Each structure stands twice: as C-alpha cells, then as structure tokens.
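Novice: To be precise about what I am sending: the file is called run.cif and holds mmCIF, C-alpha atoms.
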```cif
data_data
loop_
_atom_site.group_PDB
_atom_site.id
_atom_site.type_symbol
_atom_site.label_atom_id
_atom_site.label_comp_id
_atom_site.auth_asym_id
_atom_site.auth_seq_id
_atom_site.Cartn_x
_atom_site.Cartn_y
_atom_site.Cartn_z
ATOM 1 C CA MET W 1 -174.782 96.478 19.052
ATOM 2 C CA LEU W 2 -171.958 98.788 18.061
ATOM 3 C CA VAL W 3 -169.298 100.439 20.200
ATOM 4 C CA LEU W 4 -166.479 102.799 19.418
ATOM 5 C CA PRO W 5 -162.955 101.728 20.362
ATOM 6 C CA LYS W 6 -161.570 103.964 23.082
ATOM 7 C CA GLU W 7 -158.181 104.852 24.499
ATOM 8 C CA SER W 8 -157.846 103.497 28.049
ATOM 9 C CA SER W 9 -155.527 101.721 30.457
ATOM 10 C CA LEU W 10 -155.718 97.954 30.763
ATOM 11 C CA ARG W 11 -154.307 95.552 33.335
ATOM 12 C CA GLN W 12 -154.282 91.814 32.800
ATOM 13 C CA THR W 13 -153.672 89.399 35.660
ATOM 14 C CA ARG W 14 -153.339 85.636 36.035
ATOM 15 C CA PRO W 15 -154.436 83.861 39.237
ATOM 16 C CA PHE W 16 -152.213 81.278 40.926
ATOM 17 C CA LEU W 17 -152.108 79.235 44.118
ATOM 18 C CA ALA W 18 -148.776 80.069 45.781
ATOM 19 C CA GLN W 19 -146.952 78.529 48.736
ATOM 20 C CA LEU W 20 -145.405 80.710 51.431
ATOM 21 C CA THR W 21 -142.014 79.591 52.795
ATOM 22 C CA SER W 22 -138.945 81.105 54.435
ATOM 23 C CA VAL W 23 -136.073 82.179 52.206
ATOM 24 C CA ASN W 24 -133.592 80.236 54.362
ATOM 25 C CA ILE W 25 -134.426 77.046 56.242
ATOM 26 C CA ALA W 26 -131.763 75.276 58.319
ATOM 27 C CA HIS W 27 -132.144 71.786 59.762
ATOM 28 C CA ILE W 28 -129.796 72.036 62.743
ATOM 29 C CA ALA W 29 -127.836 68.881 63.565
ATOM 30 C CA THR W 30 -124.596 67.852 65.288
ATOM 31 C CA LYS W 31 -121.534 66.029 63.960
ATOM 32 C CA LEU W 32 -120.934 64.146 67.222
ATOM 33 C CA ASN W 33 -122.786 61.656 69.399
ATOM 34 C CA GLY W 34 -123.849 62.786 72.835
ATOM 35 C CA LEU W 35 -126.634 63.317 75.330
ATOM 36 C CA ILE W 36 -128.491 66.600 75.069
ATOM 37 C CA THR W 37 -127.961 68.483 78.327
ATOM 38 C CA ALA W 38 -130.009 71.596 77.510
ATOM 39 C CA VAL W 39 -132.277 73.075 74.845
ATOM 40 C CA ARG W 40 -131.959 76.832 75.236
ATOM 41 C CA VAL W 41 -134.835 77.877 72.945
ATOM 42 C CA THR W 42 -138.536 77.255 72.491
ATOM 43 C CA GLU W 43 -140.656 76.872 69.378
ATOM 44 C CA ASN W 44 -141.583 80.158 67.630
ATOM 45 C CA GLN W 45 -138.794 81.967 69.499
ATOM 46 C CA ARG W 46 -136.804 84.586 67.588
ATOM 47 C CA VAL W 47 -133.033 84.165 67.858
ATOM 48 C CA LYS W 48 -129.976 86.125 66.735
ATOM 49 C CA LYS W 49 -127.038 84.769 64.770
ATOM 50 C CA GLY W 50 -124.595 83.078 67.172
ATOM 51 C CA GLU W 51 -127.165 82.586 69.940
ATOM 52 C CA LEU W 52 -126.857 79.269 71.791
ATOM 53 C CA LEU W 53 -129.570 76.805 70.750
ATOM 54 C CA VAL W 54 -128.657 73.360 72.075
ATOM 55 C CA GLN W 55 -125.973 72.012 74.413
ATOM 56 C CA ILE W 56 -124.703 68.445 74.199
ATOM 57 C CA ASP W 57 -122.668 66.775 76.957
ATOM 58 C CA ASP W 58 -119.178 68.247 76.520
ATOM 59 C CA ARG W 59 -117.477 66.987 79.681
ATOM 60 C CA GLU W 60 -115.276 64.514 77.830
ATOM 61 C CA THR W 61 -114.138 67.164 75.342
ATOM 62 C CA LEU W 62 -113.478 69.719 78.073
ATOM 63 C CA SER W 63 -111.440 67.133 79.986
ATOM 64 C CA ALA W 64 -109.425 66.392 76.859
ATOM 65 C CA ILE W 65 -108.744 70.105 76.321
ATOM 66 C CA LYS W 66 -107.674 70.511 79.946
ATOM 67 C CA SER W 67 -105.270 67.565 79.664
ATOM 68 C CA LEU W 68 -103.840 68.816 76.382
ATOM 69 C CA LYS W 69 -103.253 72.284 77.853
ATOM 70 C CA LYS W 70 -101.256 70.712 80.695
ATOM 71 C CA ASP W 71 -99.207 68.763 78.173
ATOM 72 C CA LEU W 72 -98.678 71.946 76.161
ATOM 73 C CA LYS W 73 -97.444 73.815 79.232
ATOM 74 C CA SER W 74 -94.909 71.063 79.888
ATOM 75 C CA LEU W 75 -93.819 70.981 76.241
ATOM 76 C CA VAL W 76 -93.366 74.758 76.150
ATOM 77 C CA ALA W 77 -91.187 74.629 79.271
ATOM 78 C CA ASP W 78 -89.140 71.807 77.742
ATOM 79 C CA LEU W 79 -88.767 73.798 74.512
ATOM 80 C CA LYS W 80 -87.528 76.879 76.367
ATOM 81 C CA TYR W 81 -84.969 74.803 78.254
ATOM 82 C CA THR W 82 -83.772 73.161 75.025
ATOM 83 C CA GLN W 83 -83.522 76.542 73.281
ATOM 84 C CA LYS W 84 -81.488 77.877 76.235
ATOM 85 C CA LEU W 85 -79.100 74.939 75.951
ATOM 86 C CA HIS W 86 -78.789 75.466 72.202
ATOM 87 C CA THR W 87 -77.998 79.155 72.706
ATOM 88 C CA ARG W 88 -75.269 78.214 75.199
ATOM 89 C CA ASN W 89 -73.859 75.514 72.913
ATOM 90 C CA LYS W 90 -73.736 77.975 70.032
ATOM 91 C CA ALA W 91 -71.728 80.436 72.112
ATOM 92 C CA ILE W 92 -69.268 77.692 73.148
ATOM 93 C CA PHE W 93 -68.995 76.485 69.547
ATOM 94 C CA GLU W 94 -68.080 79.973 68.352
ATOM 95 C CA VAL W 95 -65.039 80.046 70.668
ATOM 96 C CA GLY W 96 -64.044 76.537 69.603
ATOM 97 C CA GLY W 97 -65.123 74.733 72.748
ATOM 98 C CA LEU W 98 -67.819 72.504 71.167
ATOM 99 C CA ALA W 99 -67.835 70.126 68.223
ATOM 100 C CA GLN W 100 -69.976 70.795 65.155
ATOM 101 C CA GLU W 101 -71.873 67.556 65.739
ATOM 102 C CA LYS W 102 -72.892 68.631 69.260
ATOM 103 C CA LEU W 103 -74.220 71.973 67.991
ATOM 104 C CA GLU W 104 -76.218 70.302 65.222
ATOM 105 C CA ALA W 105 -77.659 67.806 67.695
ATOM 106 C CA SER W 106 -78.899 70.617 69.954
ATOM 107 C CA GLN W 107 -80.398 72.384 66.920
ATOM 108 C CA VAL W 108 -82.285 69.220 65.912
ATOM 109 C CA ALA W 109 -83.506 68.849 69.495
ATOM 110 C CA CYS W 110 -84.901 72.390 69.398
ATOM 111 C CA ALA W 111 -86.710 71.675 66.140
ATOM 112 C CA GLY W 112 -88.194 68.496 67.609
ATOM 113 C CA LYS W 113 -89.425 70.289 70.710
ATOM 114 C CA GLN W 114 -90.928 73.083 68.570
ATOM 115 C CA ALA W 115 -92.785 70.512 66.441
ATOM 116 C CA ALA W 116 -94.143 68.859 69.598
ATOM 117 C CA VAL W 117 -95.453 72.214 70.833
ATOM 118 C CA GLU W 118 -97.140 72.955 67.492
ATOM 119 C CA GLY W 119 -98.667 69.460 67.452
ATOM 120 C CA ALA W 120 -100.149 69.972 70.914
ATOM 121 C CA ARG W 121 -101.609 73.334 69.873
ATOM 122 C CA GLN W 122 -103.239 71.754 66.830
ATOM 123 C CA LYS W 123 -104.781 69.031 68.980
ATOM 124 C CA ILE W 124 -106.237 71.666 71.309
ATOM 125 C CA ALA W 125 -107.633 73.566 68.318
ATOM 126 C CA ALA W 126 -109.234 70.368 66.989
ATOM 127 C CA GLN W 127 -110.853 69.688 70.362
ATOM 128 C CA GLN W 128 -112.144 73.259 70.530
ATOM 129 C CA ILE W 129 -113.748 72.787 67.099
ATOM 130 C CA GLN W 130 -115.441 69.658 68.428
ATOM 131 C CA LEU W 131 -116.567 71.673 71.443
ATOM 132 C CA GLY W 132 -118.329 74.010 68.999
ATOM 133 C CA TYR W 133 -120.229 71.034 67.592
ATOM 134 C CA LEU W 134 -121.489 70.310 71.092
ATOM 135 C CA ASN W 135 -122.605 73.900 71.746
ATOM 136 C CA ILE W 136 -124.813 74.529 68.729
ATOM 137 C CA ARG W 137 -125.491 78.141 67.793
ATOM 138 C CA ALA W 138 -127.825 79.841 65.332
ATOM 139 C CA PRO W 139 -126.240 80.222 61.856
ATOM 140 C CA PHE W 140 -128.419 83.271 61.099
ATOM 141 C CA ASP W 141 -131.144 85.474 62.577
ATOM 142 C CA GLY W 142 -134.356 83.494 62.514
ATOM 143 C CA ILE W 143 -137.331 81.841 64.171
ATOM 144 C CA VAL W 144 -137.227 78.403 65.770
ATOM 145 C CA ALA W 145 -139.843 76.348 63.932
ATOM 146 C CA ALA W 146 -139.838 72.769 65.223
ATOM 147 C CA ILE W 147 -137.801 71.145 68.012
ATOM 148 C CA PHE W 148 -137.354 67.409 67.480
ATOM 149 C CA LEU W 149 -135.183 66.343 70.433
ATOM 150 C CA ARG W 150 -135.264 67.411 74.089
ATOM 151 C CA LYS W 151 -133.005 67.280 77.130
ATOM 152 C CA GLY W 152 -131.889 63.702 77.841
ATOM 153 C CA ASN W 153 -132.268 62.509 74.237
ATOM 154 C CA LEU W 154 -129.253 61.072 72.427
ATOM 155 C CA ALA W 155 -128.090 63.249 69.552
ATOM 156 C CA THR W 156 -126.485 61.443 66.630
ATOM 157 C CA PRO W 157 -124.653 62.845 63.592
ATOM 158 C CA GLY W 158 -127.012 64.065 60.870
ATOM 159 C CA GLN W 159 -130.145 63.736 62.980
ATOM 160 C CA PRO W 160 -132.059 67.069 63.027
ATOM 161 C CA LEU W 161 -132.321 68.642 66.464
ATOM 162 C CA LEU W 162 -134.481 71.576 65.411
ATOM 163 C CA THR W 163 -135.450 73.658 62.378
ATOM 164 C CA LEU W 164 -134.610 77.344 62.035
ATOM 165 C CA HIS W 165 -136.455 79.626 59.585
ATOM 166 C CA SER W 166 -135.227 83.027 58.460
ATOM 167 C CA PRO W 167 -137.684 85.928 58.936
ATOM 168 C CA GLU W 168 -137.500 86.714 55.211
ATOM 169 C CA GLN W 169 -140.273 84.968 53.254
ATOM 170 C CA LYS W 170 -140.919 84.070 49.640
ATOM 171 C CA LEU W 171 -143.767 82.744 47.519
ATOM 172 C CA THR W 172 -143.432 80.061 44.884
ATOM 173 C CA PHE W 173 -146.014 78.833 42.397
ATOM 174 C CA SER W 174 -146.209 76.469 39.439
ATOM 175 C CA TYR W 175 -147.609 77.447 36.070
ATOM 176 C CA VAL W 176 -147.990 76.551 32.415
ATOM 177 C CA PRO W 177 -146.326 79.155 30.164
ATOM 178 C CA THR W 178 -148.777 81.115 28.019
ATOM 179 C CA SER W 179 -148.770 84.551 26.422
ATOM 180 C CA PRO W 180 -148.268 86.991 28.098
ATOM 181 C CA ASN W 181 -145.751 84.907 30.028
ATOM 182 C CA ILE W 182 -144.514 85.162 33.615
ATOM 183 C CA ALA W 183 -141.410 87.387 33.785
ATOM 184 C CA PRO W 184 -139.201 88.960 36.488
ATOM 185 C CA GLY W 185 -140.429 92.328 37.740
ATOM 186 C CA GLN W 186 -144.153 91.668 37.301
ATOM 187 C CA ALA W 187 -146.258 92.929 40.227
ATOM 188 C CA VAL W 188 -148.021 90.423 42.488
ATOM 189 C CA PHE W 189 -151.278 91.172 44.328
ATOM 190 C CA LEU W 190 -153.069 89.538 47.243
ATOM 191 C CA GLY W 191 -156.613 90.725 46.773
ATOM 192 C CA LYS W 192 -156.296 94.441 46.027
ATOM 193 C CA GLU W 193 -152.970 94.860 47.853
ATOM 194 C CA LYS W 194 -149.621 94.672 46.074
ATOM 195 C CA ILE W 195 -147.397 92.333 48.098
ATOM 196 C CA GLY W 196 -144.334 91.845 45.893
ATOM 197 C CA LYS W 197 -143.000 91.074 42.446
ATOM 198 C CA ILE W 198 -141.693 88.145 40.415
ATOM 199 C CA LEU W 199 -138.018 87.592 41.263
ATOM 200 C CA LYS W 200 -137.035 84.715 38.995
ATOM 201 C CA ARG W 201 -138.060 81.533 37.271
ATOM 202 C CA TYR W 202 -136.444 78.304 38.488
ATOM 203 C CA SER W 203 -134.386 76.263 36.052
ATOM 204 C CA ASP W 204 -135.912 72.996 37.335
ATOM 205 C CA ALA W 205 -139.531 72.053 36.708
ATOM 206 C CA LYS W 206 -141.825 70.693 39.428
ATOM 207 C CA ASN W 207 -144.208 67.935 38.358
ATOM 208 C CA GLY W 208 -143.574 69.002 34.766
ATOM 209 C CA LEU W 209 -144.589 72.624 35.435
ATOM 210 C CA PHE W 210 -142.591 75.852 35.430
ATOM 211 C CA VAL W 211 -141.899 77.345 38.880
ATOM 212 C CA ALA W 212 -141.540 81.062 39.694
ATOM 213 C CA GLU W 213 -140.458 82.833 42.897
ATOM 214 C CA VAL W 214 -141.992 86.003 44.334
ATOM 215 C CA VAL W 215 -139.985 88.400 46.492
ATOM 216 C CA LEU W 216 -142.240 90.033 49.078
ATOM 217 C CA ASP W 217 -142.310 93.722 49.940
ATOM 218 C CA GLN W 218 -142.691 92.753 53.611
ATOM 219 C CA PRO W 219 -143.323 89.522 55.571
ATOM 220 C CA LEU W 220 -146.874 88.192 55.611
ATOM 221 C CA ASP W 221 -148.629 87.342 58.863
ATOM 222 C CA ARG W 222 -149.174 83.741 57.826
ATOM 223 C CA PRO W 223 -147.495 80.468 58.825
ATOM 224 C CA ASP W 224 -144.821 78.852 56.697
ATOM 225 C CA ASP W 225 -145.990 76.287 54.120
ATOM 226 C CA SER W 226 -149.433 77.910 53.924
ATOM 227 C CA PHE W 227 -151.110 78.477 50.554
ATOM 228 C CA LEU W 228 -152.733 81.652 49.277
ATOM 229 C CA SER W 229 -154.323 82.857 46.054
ATOM 230 C CA ILE W 230 -152.368 85.573 44.270
ATOM 231 C CA ASP W 231 -152.755 87.551 41.046
ATOM 232 C CA VAL W 232 -149.760 88.273 38.833
ATOM 233 C CA VAL W 233 -149.937 91.331 36.572
ATOM 234 C CA VAL W 234 -148.788 89.911 33.221
ATOM 235 C CA PHE W 235 -149.744 93.029 31.242
ATOM 236 C CA ASP W 236 -150.219 96.660 32.215
ATOM 237 C CA GLY W 237 -150.498 99.198 29.428
ATOM 238 C CA LYS W 238 -152.556 101.833 27.658
ATOM 239 C CA GLY W 239 -153.984 101.919 24.158
ATOM 240 C CA CYS W 240 -156.993 101.189 21.979
ATOM 241 C CA THR W 241 -159.456 98.941 23.815
ATOM 242 C CA VAL W 242 -162.735 97.209 22.980
ATOM 243 C CA PRO W 243 -165.070 94.940 24.992
ATOM 244 C CA VAL W 244 -163.907 91.311 25.034
ATOM 245 C CA ASN W 245 -167.147 90.230 23.352
ATOM 246 C CA ALA W 246 -166.074 92.221 20.306
ATOM 247 C CA LEU W 247 -163.275 89.721 19.611
ATOM 248 C CA LEU W 248 -163.638 87.052 16.975
ATOM 249 C CA HIS W 249 -161.138 84.189 17.153
ATOM 250 C CA GLN W 250 -160.439 82.694 13.742
ATOM 251 C CA LYS W 251 -157.847 80.247 12.447
ATOM 252 C CA GLU W 252 -156.019 83.024 10.658
ATOM 253 C CA GLY W 253 -155.894 85.162 13.820
ATOM 254 C CA GLN W 254 -157.872 87.592 15.963
ATOM 255 C CA GLN W 255 -160.436 89.923 14.373
ATOM 256 C CA VAL W 256 -163.071 92.507 15.187
ATOM 257 C CA MET W 257 -166.057 93.251 12.951
ATOM 258 C CA VAL W 258 -166.057 96.934 11.957
ATOM 259 C CA TYR W 259 -169.131 98.706 10.571
ATOM 260 C CA GLU W 260 -168.071 100.803 7.596
ATOM 261 C CA ASN W 261 -170.281 102.278 4.845
ATOM 262 C CA GLY W 262 -173.265 100.213 5.892
ATOM 263 C CA ARG W 263 -171.435 96.884 5.893
ATOM 264 C CA PHE W 264 -169.584 94.716 8.378
ATOM 265 C CA LYS W 265 -166.140 93.490 7.509
ATOM 266 C CA ALA W 266 -163.399 91.641 9.344
ATOM 267 C CA PHE W 267 -160.597 93.783 10.720
ATOM 268 C CA PRO W 268 -157.460 91.775 11.760
ATOM 269 C CA VAL W 269 -155.923 92.814 15.079
ATOM 270 C CA ILE W 270 -153.203 91.807 17.510
ATOM 271 C CA ILE W 271 -154.127 91.515 21.202
ATOM 272 C CA PRO W 272 -151.218 92.501 23.480
ATOM 273 C CA GLY W 273 -153.374 92.065 26.585
ATOM 274 C CA GLN W 274 -156.881 91.569 27.864
ATOM 275 C CA ASN W 275 -158.809 91.122 31.084
ATOM 276 C CA ARG W 276 -162.325 89.937 31.864
ATOM 277 C CA GLU W 277 -163.953 93.066 30.476
ATOM 278 C CA ARG W 278 -161.792 94.655 27.786
ATOM 279 C CA ALA W 279 -159.029 93.848 25.323
ATOM 280 C CA LEU W 280 -156.258 96.086 24.017
ATOM 281 C CA ILE W 281 -156.003 95.777 20.222
ATOM 282 C CA ASP W 282 -153.579 96.943 17.558
ATOM 283 C CA PRO W 283 -154.099 98.515 15.087
ATOM 284 C CA CYS W 284 -157.020 100.616 16.281
ATOM 285 C CA PRO W 285 -160.029 100.717 13.889
ATOM 286 C CA SER W 286 -161.488 104.117 13.008
ATOM 287 C CA PHE W 287 -165.041 102.776 12.771
ATOM 288 C CA PRO W 288 -167.462 101.255 15.305
ATOM 289 C CA VAL W 289 -167.119 97.549 16.065
ATOM 290 C CA ALA W 290 -169.809 94.999 16.712
ATOM 291 C CA VAL W 291 -170.169 93.208 20.026
ATOM 292 C CA GLY W 292 -171.976 89.947 20.607
ATOM 293 C CA SER W 293 -171.449 86.222 20.650
ATOM 294 C CA GLU W 294 -168.774 84.865 18.329
ATOM 295 C CA ALA W 295 -171.413 82.840 16.495
ATOM 296 C CA LYS W 296 -173.271 86.036 15.540
ATOM 297 C CA LEU W 297 -170.100 88.029 14.836
ATOM 298 C CA SER W 298 -168.876 85.420 12.368
ATOM 299 C CA LEU W 299 -172.051 85.847 10.279
ATOM 300 C CA LEU W 300 -172.089 89.646 10.031
ATOM 301 C CA SER W 301 -169.902 89.856 6.916
ATOM 302 C CA THR W 302 -172.386 87.658 4.998
ATOM 303 C CA TYR W 303 -175.365 89.986 5.459
ATOM 304 C CA GLY W 304 -174.393 92.542 2.845
ATOM 305 C CA HIS W 305 -175.737 96.053 3.453
ATOM 306 C CA VAL W 306 -177.018 96.481 7.018
ATOM 307 C CA ARG W 307 -178.881 99.469 8.421
ATOM 308 C CA ILE W 308 -178.297 100.108 12.120
ATOM 309 C CA ILE W 309 -181.227 101.505 14.107
ATOM 310 C CA GLN W 310 -180.044 103.524 17.109
ATOM 311 C CA GLY W 311 -180.777 101.781 20.365
ATOM 312 C CA GLU W 312 -181.201 98.332 18.778
ATOM 313 C CA ALA W 313 -178.962 95.437 18.008
ATOM 314 C CA ARG W 314 -179.854 94.206 14.557
ATOM 315 C CA ASP W 315 -178.583 91.131 12.767
#
```
How would this structure read if it were set down as structure tokens?

Specialist:
Amino acid sequence: MLVLPKESSLRQTRPFLAQLTSVNIAHIATKLNGLITAVRVTENQRVKKGELLVQIDDRETLSAIKSLKKDLKSLVADLKYTQKLHTRNKAIFEVGGLAQEKLEASQVACAGKQAAVEGARQKIAAQQIQLGYLNIRAPFDGIVAAIFLRKGNLATPGQPLLTLHSPEQKLTFSYVPTSPNIAPGQAVFLGKEKIGKILKRYSDAKNGLFVAEVVLDQPLDRPDDSFLSIDVVVFDGKGCTVPVNALLHQKEGQQVMVYENGRFKAFPVIIPGQNRERALIDPCPSFPVAVGSEAKLSLLSTYGHVRIIQGEARD
C-alpha cells in the first residue's frame, strides 16, 4: 500500500537495565585498635554530618591527655619563672651588674623552657586527634546502611565498622555505542515518568562495555543496589516521517520506494531517528511511498509501470 510522508514529532528511546546506588558511600573505620564501647546508631537511621556514630574505648587516651595537661601546667609555670629571672638579669646587665655570659645563659634557658611548653602542647594536640579516631562521627549527611561490629567487638585499623550512604542517588548502566549514541543531557524515563537525565559517560569500561551515569530529579523509593528498567531518549525531533515498514535497507544506504508517474523508484534517505512505529527521514519525498516487507519493497522497481487501485495493495 501507499502512504504519504507527513510532518510529525518523533521520539526514539533505548531500553537499559540500570543499577541504583548512592552518590557517596563511606565505609567507616578507625585508625586505632580498641574495644567498641557504644554504637550510637541503628541500620536505616538518618544521621547529620558530625553526628556521633561509634565510640571506642578512649580511657587510655583521656588519661594520657590528663597527664600531659598536668605536665604542661608545670612547664608553663617553670617558663614564667625563667622569663621573670631573665627580665631581672637583663635589668641588672644594663646597669653593669651582670656579665654578658650570664644574660645569654638566662636567654637560652627561656628558649628551652618555651620549646618544652610548645612540645607539650603538640603532644596534647596529637592525643586529641587520636581521641577523634575513637569517637567516630558521620562525614556527611546520610543513611546508615549496614553495621558490621557491635558493642564489645574489637575494632582494628581498616576494618569497616559500618557503611554510610548519602541520600542523593544515581543510576548507572552499561551499553554498546550505536547511533544515535548516549550523550549528556538526554532525558531518562521510568515507564512514562521522567526521572532524570544522562550526566556523564565514565572513562573506564566495565566488562568491555561503556558506562553512563544518570542524575535523578529526586530520590527513588527503592533500595540501593536494586536494578530497574529505564528508557533513554536518544532522539527527540520533528520532521518528515514515514512508517518503519517503508524503509528499505540496502548496502549503499537507506531508501524508501516512491511512486511517481506510475512507477516505483528508490529514493535515498538519511534516518536521524526512528522508533517502533515511524522513522524520520531526510530529504522528504514529494510522492507517496510504499510500505510492506523489505523483500517486496526491493522488487517494486523491477515491475515497470504499475497501476494502483485505491484500497488495495498491488504488487
């Protein structure tokens, strides 16, 4: 049968199986050995950045800090006394009552006491950093996914205590590049609902396939690491369209069979996009085109003059 090309909009999509994950995933661990004294969160609990997650026995560190602070207090008092002596020696030296060597000795003593005070302060700061490793806090707003160790367990450096997921989600999927290709900005649908767009293509392949990331318009009510079927809009435009069964794929390129002056002849076209029903072609033929199986379309140009009876499909 014959149809006339018509101007219409056309959207082409490609289906993919995508995996849903969090944008940020942190495997929380400690740098120090110690017994876990408290786990302050539960699985699936939402936490804020800086919120206390896990406490590890910090009594030894606290004792060390307390001892160092006592030492610092004593060193500061000693420094003040030495500085007072140096000030007095300097005044005596200026009136000629003290040798140069004595003044220099008191100055060196002040410098030594000052260095001791600074050293003690640095030790306290180092212990306070270690104390932070024993009171583990959330690095960002998120949701506690899995808790691996509980109160009474021994925490060791590098061993995950729990996993924290950010509330922001992303989709990733693997694909083989074809035309039209996957590109940033393309809309992504879940069923009939638009859920996001292509953000980027990864530079590393996965199992030999390209990988793309989808940024979501809003979080999906699905668990992390779940899979869902999505459709990516690879073409969305308007132009001259024909039914897909009007296309004839030949070695030299794509064609449609136009009916002009009682004969069928091949009309070369370019196909910017197509879906299951229609294809957008360029240039647009001014005459009707034949639709049918490719086997029948390929024979039409050999029939010579053909008379079309309205309402029938004639070979």

Novice: What does the PyMOL selection byres ((chain W and resi 282) around 10) select in this file, as a list in words?

Specialist: Gly239, Cys240, Thr241, Pro268, Val269, Ile270, Ile271, Pro272, Ala279, Leu280, Ile281, Pro283, Cys284 and Pro285 of chain W

Novice: In Å, how far is it from CA of Lys73 in chain W to CA of Lys113 in chain W?

Specialist: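 Atom-to-atom, CA of Lys73 in chain W and CA of Lys113 in chain W are spaced 12.2 Å apart.
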
Novice: Using all atoms listed in the file, find the one residue out of W:Arg137, W:Lys69, W:Pro219, W:Leu154 that sits nearest to Arg121 in chain W.

Specialist: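 Answer, going by the shortest atom-to-atom distance: W:Lys69.
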
Novice: From the set W:Pro167, W:Val54, W:Arg88, W:Gln186, which residue has the shortest atom-to-atom contact distance to Asp236 in chain W, counting all atoms listed in the file?

Specialist: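 Of W:Pro167, W:Val54, W:Arg88, W:Gln186, the one nearest Asp236 in chain W, counting all atoms listed in the file, is W:Gln186.
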
Novice: Show me the residues around (-136.6, 79.2, 37.7) - criterion: an atom at most 10 Å away, only C-alpha atoms counted - as a ChimeraX atom specification.

Specialist: /W:172,199-205,210-213

Novice: Name all residues at most 7 Å from Leu228 in chain W (count only C-alpha atoms; drop same-chain ones fewer than 2 positions away) and give them as a PDB file with C-alpha atoms, keeping the file's coordinate frame.

Specialist:
```pdb
ATOM      1  CA  LEU W  17    -152.108  79.235  44.118  1.00  0.00           C
ATOM      2  CA  ALA W  18    -148.776  80.069  45.781  1.00  0.00           C
ATOM      3  CA  GLN W  19    -146.952  78.529  48.736  1.00  0.00           C
ATOM      4  CA  SER W 226    -149.433  77.910  53.924  1.00  0.00           C
ATOM      5  CA  ILE W 230    -152.368  85.573  44.270  1.00  0.00           C
TER       6      ILE W 230
END
```

Novice: Choose the residue, out of W:Ile143, W:Ala138, W:Leu149, W:Ala111, that has the smallest atom-to-atom separation from Ala38 in chain W; count all atoms listed in the file.

Specialist: W:Leu149
